[in-house]
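Enquirer: One structure, pasted below without further comment.
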Amino acid sequence: MEGVAGPRTHGALAMGPAGAGGSVRARYLVYFQYLGTGFNGVAAVRGTQRAIGVQNYLEEAAERLNSVEPVRFTISSRTDAGVHALSNTAHLDIQRRSGRPPFPPEVVARALNTHLRHPAIRVLQVFRVPSDFHARHAATSRTYLYRLATGCPQPDQLPVFERNLCWALRANCLDIPAMQEAAQHLLGTHDFSAFQSAGSPAASTVRTLRRASVSPGPASPFVLPQESRKLHFWTLEFESQSFLYRQVRRMTAVLVAVGLGILTPTQVKMILQSQDPLGKHQSHLAPACGLFLKSVLYGGLRDLGER
């Protein structure tokens with residue numbers, strides 16, 4: 001995570017609108033990561049429900065900043081229950097009392113980490129941004145990765161340190177060349193209706209997939225030598241400006257079906273062209289535990305996770 005720089009703004013940084021008593025709101029871009037296993041997703045859960053989101057803990061920690069107005073995180077990329085993030089982002093506004101200058105970004109980061117009450121969440125870095133910056137709308141790229149493990153006949157044979165961090169397949173191997181060929185059919189601008197789950201608020205189902213790769217994953221340091229001969233890891237990566245609801249998990253399930261010999265690469269092209277989300281194969285979902293939001297990038301920023 002080296003080489004991180006702040007926003008490349010021209011001239012003076014735009015200040016937020018004046019609040020009550022002449023106080024000024026300052027807007028910040030926050031990079032944060034989390035293990036999603038114990039959460040109902042990243043979004044806050046309001047009301048009296050027992051489920052809780054990552055955002056609930058972030059906003060609870062932000063209360064200690066004593067903003068005049070309650071701090072609300074606007075999340076750039078919503079993730080489901082059980083999905084992880086190496087680097088997600090959000091913007092927030094902090095309004096200090098009249099006469100007090102805005103907090104330096106590093107102070108905000110330190111305060112949030114100090115007061116976070118869940119060990120599976122960590123703030124990575126904070127930047128000061130203009131008052132009209134929007135973490136979701138300004139994102140130019142999002143990259144998700146999905147981790148697979150082969151050679152695991154029973155779930156309890158997966159090392160405990162890898163549980164809830166990958167999809168453990170009972171197969172001993174996958175046809176990786178076939179998966180790579182199938183992934184090429186998904187690249188480019190298409191109507192991805194066939195890979196969208198019900199409940200998406202998206203006005204359009206057309207998306208541009210810039211990258212879809214299938215490759216050997218790094219060997220897990222938690223696999224004992226006597227197990228490493230049979231247990232192997234694989235990584236799928238997908239990059240787009242935005243994705244439809246559960247699009248990545250549906251595409252992953254279809255590519256795994258190709259790797260297992262259930263589908264051919266040509267059938268993946270046909271599924272895409274069908275625009276039918278209720279077909280036999282495209283309605284399958286890869287488990288949430290193997291999915292990670294890897295990075296969210298912005299034009300004019302050198303972001304965490306930038307390649």
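So you can find residues: chains in the structure tokens are A, B, ... in the order shown, residues in each start at 1, and ligands are numbered from 1 in order.
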Select from range 201-279 of chain A every residue with an atom at most 8 Å from any atom of range 152-166 of chain A, then for each give the shortest pair of atoms and their distance in Å to one decimal, using only C-alpha atoms, rows by chain and rising number, as a Markdown table.

Expert:
| residue | atom | partner | partner_atom | distance |
| --- | --- | --- | --- | --- |
| A:Phe222 | CA | A:Phe161 | CA | 6.4 |
| A:Val223 | CA | A:Pro159 | CA | 6.4 |
| A:Lys230 | CA | A:Cys152 | CA | 7.9 |
| A:Leu231 | CA | A:Cys152 | CA | 6.5 |

Enquirer: What would the file look like if the residues just selected were written as a CSV table (one decimal), in the first residue's frame with all heavy atoms?

Expert:
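The resulting file, result_13.csv, is shown below:
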chain,number,residue,atom,x,y,z
A,222,PHE,N,-1.1,-20.8,5.3
A,222,PHE,CA,-1.7,-21.6,6.3
A,222,PHE,C,-1.9,-23.0,6.0
A,222,PHE,O,-2.5,-23.8,6.8
A,222,PHE,CB,-3.1,-20.9,6.7
A,222,PHE,CG,-3.0,-19.5,7.0
A,222,PHE,CD1,-3.6,-18.5,6.2
A,222,PHE,CD2,-2.1,-19.0,8.0
A,222,PHE,CE1,-3.5,-17.2,6.5
A,222,PHE,CE2,-2.0,-17.6,8.3
A,222,PHE,CZ,-2.7,-16.7,7.5
A,223,VAL,N,-1.5,-23.4,4.8
A,223,VAL,CA,-1.6,-24.8,4.4
A,223,VAL,C,-0.3,-25.6,4.8
A,223,VAL,O,0.8,-25.2,4.4
A,223,VAL,CB,-1.9,-24.9,2.9
A,223,VAL,CG1,-1.9,-26.4,2.5
A,223,VAL,CG2,-3.2,-24.2,2.5
A,230,LYS,N,-2.3,-31.3,-2.6
A,230,LYS,CA,-3.6,-31.5,-3.1
A,230,LYS,C,-4.5,-30.3,-3.0
A,230,LYS,O,-5.5,-30.1,-3.8
A,230,LYS,CB,-4.3,-32.6,-2.3
A,230,LYS,CG,-4.5,-32.4,-0.8
A,230,LYS,CD,-5.2,-33.5,-0.1
A,230,LYS,CE,-5.3,-33.2,1.4
A,230,LYS,NZ,-6.0,-34.3,2.2
A,231,LEU,N,-4.2,-29.3,-2.1
A,231,LEU,CA,-5.0,-28.1,-2.0
A,231,LEU,C,-4.4,-27.0,-2.7
A,231,LEU,O,-3.2,-26.6,-2.5
A,231,LEU,CB,-5.1,-27.8,-0.5
A,231,LEU,CG,-6.1,-26.8,0.0
A,231,LEU,CD1,-7.5,-27.3,-0.4
A,231,LEU,CD2,-6.0,-26.6,1.5

Enquirer: Please report as a tab-separated table every residue of range 149-225 of chain A lying within 9 Å of range 258-272 of chain A, along with the nearest atom pair and their distance in Å (one decimal), using only C-alpha atoms.

Expert:
residue	atom	partner	partner_atom	distance
A:Ala171	CA	A:Leu260	CA	7.6
A:Cys173	CA	A:Leu260	CA	8.0
A:Leu174	CA	A:Gly259	CA	4.6
A:Asp175	CA	A:Gly259	CA	4.4
A:Ile176	CA	A:Gly259	CA	6.1
A:Pro177	CA	A:Gly259	CA	8.3
A:Ala178	CA	A:Pro265	CA	6.3
A:Met179	CA	A:Gly259	CA	5.5
A:Gln180	CA	A:Pro265	CA	8.6
A:Glu181	CA	A:Pro265	CA	6.1
A:Ala182	CA	A:Pro265	CA	4.2
A:Ala183	CA	A:Pro265	CA	7.9
A:Gln184	CA	A:Pro265	CA	8.9
A:His185	CA	A:Lys269	CA	5.6
A:Leu186	CA	A:Lys269	CA	7.3
A:His190	CA	A:Leu272	CA	8.0
A:Asp191	CA	A:Leu272	CA	7.7
A:Phe192	CA	A:Leu272	CA	6.5
A:Ser193	CA	A:Leu272	CA	7.8
A:Ala194	CA	A:Leu272	CA	5.8
A:Phe195	CA	A:Leu272	CA	7.7

Enquirer: Out of A:Lys280, A:His134, A:His118, A:Arg100, which residue has the shortest atom-to-atom distance to Phe39 in chain A when counting only C-alpha atoms?

Expert: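 Distance minimum relative to Phe39 in chain A lands on A:His118.
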
Enquirer: Based on DSSP run over this structure's backbone, return all residues of range 113-264 of chain A in strand (DSSP E), as a compact mmCIF listing (two decimals) with N, CA and C atoms, in the first residue's frame.

Expert:
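The resulting states17.txt:
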# COMPACT_ATOMS: atom_id res chain seq x y z
N ILE A 121 -12.73 -4.56 11.52
CA ILE A 121 -12.79 -3.35 10.70
C ILE A 121 -11.56 -2.50 10.98
N ARG A 122 -11.00 -1.91 9.92
CA ARG A 122 -9.84 -1.03 10.09
C ARG A 122 -9.89 0.09 9.06
N VAL A 123 -9.69 1.31 9.51
CA VAL A 123 -9.55 2.44 8.61
C VAL A 123 -8.13 2.48 8.10
N LEU A 124 -7.97 2.54 6.79
CA LEU A 124 -6.65 2.51 6.17
C LEU A 124 -6.05 3.90 6.02
N GLN A 125 -6.85 4.82 5.49
CA GLN A 125 -6.34 6.17 5.26
C GLN A 125 -7.51 7.11 5.02
N VAL A 126 -7.28 8.38 5.29
CA VAL A 126 -8.30 9.41 5.10
C VAL A 126 -7.70 10.56 4.30
N PHE A 127 -8.48 11.08 3.34
CA PHE A 127 -8.09 12.25 2.57
C PHE A 127 -9.12 13.36 2.74
N ARG A 128 -8.70 14.61 2.72
CA ARG A 128 -9.62 15.74 2.64
C ARG A 128 -9.98 15.91 1.16
N VAL A 129 -11.26 16.08 0.88
CA VAL A 129 -11.72 16.22 -0.50
C VAL A 129 -12.67 17.42 -0.60
N ALA A 139 -16.39 7.37 -8.38
CA ALA A 139 -15.53 6.20 -8.61
C ALA A 139 -15.45 5.87 -10.09
N THR A 140 -14.23 5.68 -10.57
CA THR A 140 -14.02 5.36 -11.99
C THR A 140 -13.78 3.87 -12.22
N SER A 141 -13.49 3.13 -11.16
CA SER A 141 -13.21 1.71 -11.31
C SER A 141 -13.40 0.99 -9.99
N ARG A 142 -13.98 -0.20 -10.09
CA ARG A 142 -14.07 -1.09 -8.93
C ARG A 142 -13.55 -2.46 -9.35
N THR A 143 -12.75 -3.06 -8.49
CA THR A 143 -12.20 -4.38 -8.77
C THR A 143 -12.57 -5.34 -7.65
N TYR A 144 -13.16 -6.47 -8.03
CA TYR A 144 -13.47 -7.53 -7.09
C TYR A 144 -12.60 -8.73 -7.40
N LEU A 145 -12.20 -9.44 -6.38
CA LEU A 145 -11.52 -10.72 -6.59
C LEU A 145 -12.28 -11.81 -5.86
N TYR A 146 -12.22 -13.00 -6.44
CA TYR A 146 -12.88 -14.15 -5.84
C TYR A 146 -11.86 -15.27 -5.68
N ARG A 147 -11.80 -15.87 -4.50
CA ARG A 147 -10.83 -16.91 -4.20
C ARG A 147 -11.51 -18.28 -4.20
N LEU A 148 -10.91 -19.22 -4.94
CA LEU A 148 -11.36 -20.60 -4.99
C LEU A 148 -10.28 -21.51 -4.41
N ALA A 149 -10.69 -22.62 -3.84
CA ALA A 149 -9.75 -23.65 -3.40
C ALA A 149 -10.22 -24.98 -3.98
N THR A 150 -9.30 -25.74 -4.56
CA THR A 150 -9.62 -27.08 -5.07
C THR A 150 -8.88 -28.13 -4.24
N TRP A 167 -14.01 -20.18 -1.52
CA TRP A 167 -15.00 -21.22 -1.84
C TRP A 167 -14.24 -22.52 -2.02
N ALA A 168 -14.42 -23.46 -1.11
CA ALA A 168 -13.72 -24.74 -1.15
C ALA A 168 -14.49 -25.71 -2.04
N GLY A 188 -16.05 -6.43 -22.18
CA GLY A 188 -16.66 -5.43 -23.04
C GLY A 188 -17.99 -4.94 -22.51
N THR A 189 -18.70 -4.19 -23.35
CA THR A 189 -19.98 -3.60 -22.97
C THR A 189 -21.13 -4.52 -23.39
N HIS A 190 -21.92 -4.94 -22.41
CA HIS A 190 -23.04 -5.86 -22.67
C HIS A 190 -24.20 -5.53 -21.74
N ASP A 191 -25.35 -6.06 -22.09
CA ASP A 191 -26.46 -6.10 -21.15
C ASP A 191 -26.26 -7.34 -20.28
N VAL A 206 -26.85 -2.42 -18.51
CA VAL A 206 -25.68 -2.40 -19.39
C VAL A 206 -24.46 -2.00 -18.57
N ARG A 207 -23.42 -2.79 -18.65
CA ARG A 207 -22.17 -2.51 -17.95
C ARG A 207 -21.00 -2.82 -18.88
N THR A 208 -19.85 -2.22 -18.59
CA THR A 208 -18.63 -2.49 -19.35
C THR A 208 -17.64 -3.20 -18.44
N LEU A 209 -17.39 -4.47 -18.74
CA LEU A 209 -16.44 -5.25 -17.96
C LEU A 209 -15.06 -5.09 -18.59
N ARG A 210 -14.16 -4.43 -17.87
CA ARG A 210 -12.84 -4.13 -18.41
C ARG A 210 -11.85 -5.28 -18.24
N ARG A 211 -12.07 -6.07 -17.23
CA ARG A 211 -11.13 -7.17 -16.98
C ARG A 211 -11.88 -8.32 -16.34
N ALA A 212 -11.59 -9.52 -16.82
CA ALA A 212 -12.11 -10.76 -16.23
C ALA A 212 -11.00 -11.79 -16.37
N SER A 213 -10.33 -12.08 -15.29
CA SER A 213 -9.16 -12.97 -15.35
C SER A 213 -9.33 -14.15 -14.42
N VAL A 214 -8.71 -15.26 -14.79
CA VAL A 214 -8.68 -16.48 -13.98
C VAL A 214 -7.23 -16.93 -13.93
N SER A 215 -6.69 -17.05 -12.73
CA SER A 215 -5.26 -17.38 -12.62
C SER A 215 -5.00 -18.14 -11.32
N PRO A 216 -3.86 -18.83 -11.25
CA PRO A 216 -3.49 -19.47 -9.98
C PRO A 216 -3.34 -18.43 -8.89
N HIS A 232 -5.11 -26.41 -3.68
CA HIS A 232 -4.60 -25.30 -4.51
C HIS A 232 -5.62 -24.18 -4.54
N PHE A 233 -5.11 -22.97 -4.71
CA PHE A 233 -5.96 -21.79 -4.70
C PHE A 233 -5.93 -21.11 -6.06
N TRP A 234 -7.08 -20.50 -6.41
CA TRP A 234 -7.25 -19.83 -7.70
C TRP A 234 -7.93 -18.49 -7.45
N THR A 235 -7.61 -17.52 -8.30
CA THR A 235 -8.15 -16.17 -8.14
C THR A 235 -8.86 -15.72 -9.41
N LEU A 236 -10.07 -15.24 -9.27
CA LEU A 236 -10.80 -14.60 -10.36
C LEU A 236 -10.87 -13.11 -10.04
N GLU A 237 -10.61 -12.26 -11.04
CA GLU A 237 -10.70 -10.82 -10.84
C GLU A 237 -11.59 -10.20 -11.90
N PHE A 238 -12.41 -9.24 -11.46
CA PHE A 238 -13.33 -8.55 -12.35
C PHE A 238 -13.22 -7.04 -12.09
N GLU A 239 -13.09 -6.27 -13.17
CA GLU A 239 -13.01 -4.82 -13.03
C GLU A 239 -14.05 -4.14 -13.92
N SER A 240 -14.76 -3.18 -13.35
CA SER A 240 -15.74 -2.38 -14.07
C SER A 240 -15.93 -1.08 -13.29

Enquirer: What's the separation between CA of Asn56 in chain A and CA of Arg25 in chain A, in Å to one decimal place?

Expert: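 About the pair CA of Asn56 in chain A and CA of Arg25 in chain A: they are 21.4 Å apart.
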
Enquirer: Can you measure CA of Arg72 in chain A to CA of Leu92 in chain A for me? One decimal in Å is fine.

Expert: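 CA of Leu92 in chain A lies 5.9 Å from CA of Arg72 in chain A.
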
Enquirer: Which value, in Å to one decimal, gives the distance between CA of Glu63 in chain A and CA of Lys294 in chain A?

Expert: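 Atom-to-atom, CA of Glu63 in chain A to CA of Lys294 in chain A, that is 27.6 Å.
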
Enquirer: Closest to Ala202 in chain A among A:Arg246, A:Arg229, A:His91, A:Arg170, using only C-alpha atoms?

Expert: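 Going through A:Arg246, A:Arg229, A:His91, A:Arg170 one by one, the smallest distance to Ala202 in chain A is for A:Arg246.
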
Enquirer: Taking only C-alpha atoms into account, name the residue in A:Thr114, A:Ser220, A:Ser200, A:Ser87 that is nearest to Leu65 in chain A.

Expert: A:Thr114
